[in-house]
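Containing PDB, C-alpha atoms: work-v8.pdb.
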```
ATOM      1  CA  MET A   1     -18.529  10.848  -8.068
ATOM      2  CA  LEU A   2     -16.217  12.817  -5.776
ATOM      3  CA  ILE A   3     -13.502  11.643  -3.411
ATOM      4  CA  GLY A   4     -12.968  13.490  -0.140
ATOM      5  CA  THR A   5      -9.659  13.031   1.646
ATOM      6  CA  ALA A   6      -8.091  14.433   4.774
ATOM      7  CA  GLN A   7      -4.675  14.216   6.357
ATOM      8  CA  ILE A   8      -4.986  14.636  10.121
ATOM      9  CA  THR A   9      -1.907  15.256  12.250
ATOM     10  CA  LEU A  10      -2.172  14.574  15.976
ATOM     11  CA  TYR A  11       0.231  15.155  18.866
ATOM     12  CA  ALA A  12       0.233  12.607  21.702
ATOM     13  CA  PRO A  13       2.725  13.784  24.352
ATOM     14  CA  TRP A  14       2.185  10.792  26.657
ATOM     15  CA  VAL A  15       3.361   8.237  24.060
ATOM     16  CA  HIS A  16       6.925   7.096  24.745
ATOM     17  CA  SER A  17       7.300   4.014  22.539
ATOM     18  CA  LEU A  18       6.265   2.837  19.111
ATOM     19  CA  LYS A  19       4.329  -0.020  20.720
ATOM     20  CA  GLU A  20       2.301   2.471  22.748
ATOM     21  CA  LYS A  21       1.723   4.589  19.638
ATOM     22  CA  ARG A  22       0.611   1.548  17.634
ATOM     23  CA  MET A  23      -2.037   0.753  20.259
ATOM     24  CA  VAL A  24      -3.406   4.313  20.065
ATOM     25  CA  VAL A  25      -3.357   4.385  16.255
ATOM     26  CA  ASN A  26      -4.954   0.955  15.790
ATOM     27  CA  SER A  27      -7.742   1.788  18.229
ATOM     28  CA  LEU A  28      -8.423   5.134  16.560
ATOM     29  CA  LEU A  29      -8.406   3.679  13.037
ATOM     30  CA  ALA A  30     -10.815   0.889  14.019
ATOM     31  CA  LYS A  31     -13.210   3.392  15.612
ATOM     32  CA  VAL A  32     -13.212   5.637  12.521
ATOM     33  CA  GLN A  33     -13.668   2.730  10.118
ATOM     34  CA  ASN A  34     -16.528   1.257  12.165
ATOM     35  CA  GLN A  35     -18.317   4.565  12.733
ATOM     36  CA  PHE A  36     -18.041   6.027   9.213
ATOM     37  CA  HIS A  37     -17.326   3.041   6.919
ATOM     38  CA  MET A  38     -14.458   4.935   5.310
ATOM     39  CA  SER A  39     -10.847   4.161   4.528
ATOM     40  CA  ALA A  40      -8.391   5.182   7.223
ATOM     41  CA  ALA A  41      -4.688   4.503   7.662
ATOM     42  CA  GLU A  42      -1.558   5.848   9.310
ATOM     43  CA  ILE A  43       0.202   7.519   6.391
ATOM     44  CA  ASP A  44       3.296   9.272   7.740
ATOM     45  CA  CYS A  45       5.664   9.620  10.722
ATOM     46  CA  GLN A  46       5.453   5.924  11.601
ATOM     47  CA  ASP A  47       8.827   6.103  13.381
ATOM     48  CA  VAL A  48       8.055   9.238  15.437
ATOM     49  CA  HIS A  49       6.682   8.394  18.885
ATOM     50  CA  GLN A  50       4.461  11.383  19.622
ATOM     51  CA  THR A  51       3.274  12.386  16.135
ATOM     52  CA  ILE A  52       0.400  10.540  14.470
ATOM     53  CA  VAL A  53      -0.585  11.258  10.865
ATOM     54  CA  ILE A  54      -3.813   9.626   9.724
ATOM     55  CA  GLY A  55      -5.300   9.706   6.244
ATOM     56  CA  ILE A  56      -9.031   9.214   5.681
ATOM     57  CA  ALA A  57     -10.988   8.993   2.433
ATOM     58  CA  CYS A  58     -14.634   8.786   1.406
ATOM     59  CA  VAL A  59     -16.636   8.666  -1.816
ATOM     60  CA  ALA A  60     -19.670  10.937  -2.189
ATOM     61  CA  GLY A  61     -22.045  12.241  -4.819
ATOM     62  CA  THR A  62     -21.590  15.923  -3.999
ATOM     63  CA  ALA A  63     -18.793  18.103  -2.667
ATOM     64  CA  ALA A  64     -21.003  19.231   0.227
ATOM     65  CA  LEU A  65     -21.624  15.640   1.324
ATOM     66  CA  ALA A  66     -17.935  14.723   1.091
ATOM     67  CA  ASP A  67     -16.998  17.833   3.095
ATOM     68  CA  SER A  68     -19.630  17.021   5.723
ATOM     69  CA  VAL A  69     -18.477  13.417   6.114
ATOM     70  CA  ILE A  70     -14.835  14.489   6.468
ATOM     71  CA  ASP A  71     -15.790  17.167   9.037
ATOM     72  CA  HIS A  72     -17.800  14.650  11.067
ATOM     73  CA  ALA A  73     -14.905  12.181  10.986
ATOM     74  CA  VAL A  74     -12.420  14.840  12.140
ATOM     75  CA  ASN A  75     -14.751  15.855  14.995
ATOM     76  CA  PHE A  76     -15.151  12.188  15.934
ATOM     77  CA  ILE A  77     -11.359  11.701  15.995
ATOM     78  CA  GLU A  78     -10.980  14.791  18.166
ATOM     79  CA  SER A  79     -13.528  13.481  20.682
ATOM     80  CA  SER A  80     -12.224   9.883  20.613
ATOM     81  CA  THR A  81      -8.664  10.493  21.739
ATOM     82  CA  GLU A  82      -6.690  12.599  24.161
ATOM     83  CA  ALA A  83      -4.252  13.448  21.371
ATOM     84  CA  GLU A  84      -4.372  17.025  20.145
ATOM     85  CA  ILE A  85      -5.154  17.668  16.474
ATOM     86  CA  THR A  86      -2.456  20.013  15.213
ATOM     87  CA  ASP A  87      -3.288  20.082  11.496
ATOM     88  CA  VAL A  88      -6.005  19.014   9.062
ATOM     89  CA  LEU A  89      -5.535  19.103   5.295
ATOM     90  CA  LYS A  90      -8.749  18.432   3.351
ATOM     91  CA  GLU A  91      -9.129  17.902  -0.370
ATOM     92  CA  ILE A  92     -12.158  17.063  -2.480
ATOM     93  CA  ARG A  93     -11.730  15.907  -6.076
TER      94      ARG A  93
END
```

Is it possible to give me this structure as structure tokens?
Amino acid sequence: MLIGTAQITLYAPWVHSLKEKRMVVNSLLAKVQNQFHMSAAEIDCQDVHQTIVIGIACVAGTAALADSVIDHAVNFIESSTEAEITDVLKEIR
């Protein structure tokens, strides 16, 4: 059993309040969880208006499958929001 994780940092220049950011984050997390049935949460920079850091995790039988699921989730996040992905850190254990 392998665990694939990713830390995805996004930049949302139009967000000007934490309430606005929370709406964007909650929508994005719900979409990822519904589409991929994986764990997803905001993991850092909760007090920074325009920076969103999301962590996702999945369990897979092979490293290739875990990598594929993480890649598909990152591509889905990129297509589901106007925010720009600035960094992705992947790890498979």

- Item | Atom pair atom CA of Lys90 of chain A / atom CA of Glu42 of chain A: separation (Å) | 15.7 Å

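The neighbours of Asp47 of chain A here are the residues that come within 10 Å of it, using only C-alpha atoms and leaving out any residue fewer than 4 positions away in the same chain; they are A:Ser17, A:Leu18, A:Lys21, A:Thr51, A:Ile52.
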
- Item | Output of the PyMOL selection byres ((chain A and resi 25-33) around 8), listed as a ChimeraX atom specification | /A:21-24,34-42,52,73,76-77,80-81

- Message: Given only C-alpha atoms as the basis, pick out the residue of A:Ser68, A:Ala12, A:Val74, A:Glu84 nearest to Ile56 of chain A.
- Response: A:Val74

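Against the coordinates shown, the PyMOL selection byres ((chain A and resi 13) around 10) returns Leu10, Tyr11, Ala12, Trp14, Val15, His16, His49, Gln50, Thr51, Glu82, Ala83 and Glu84 of chain A.
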
Got a sec to resolve the PyMOL selection byres ((chain A and resi 6) around 8) on this structure and send the residues as a CSV table (one decimal) with C-alpha atoms, in the coordinates of the input?
```csv
chain,number,residue,atom,x,y,z
A,4,GLY,CA,-13.0,13.5,-0.1
A,5,THR,CA,-9.7,13.0,1.6
A,7,GLN,CA,-4.7,14.2,6.4
A,8,ILE,CA,-5.0,14.6,10.1
A,55,GLY,CA,-5.3,9.7,6.2
A,56,ILE,CA,-9.0,9.2,5.7
A,57,ALA,CA,-11.0,9.0,2.4
A,70,ILE,CA,-14.8,14.5,6.5
A,88,VAL,CA,-6.0,19.0,9.1
A,89,LEU,CA,-5.5,19.1,5.3
A,90,LYS,CA,-8.7,18.4,3.4
A,91,GLU,CA,-9.1,17.9,-0.4
```

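All residues of protein, DNA or RNA that reach within 8 Å of Leu2 of chain A, judged by all atoms listed in the file and not counting those fewer than 5 positions away in the chain, are Val59, Ala60, Gly61, Thr62, Ala63, Ala66, Ile92 and Arg93 of chain A.
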
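When atom CA of Ser79 of chain A is paired with atom CA of Val48 of chain A, their separation reads 22.6 Å.
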
- Rounded to one decimal in Å, what is the spacing between atom CA of Ile3 of chain A and atom CA of Asp67 of chain A? 9.6 Å
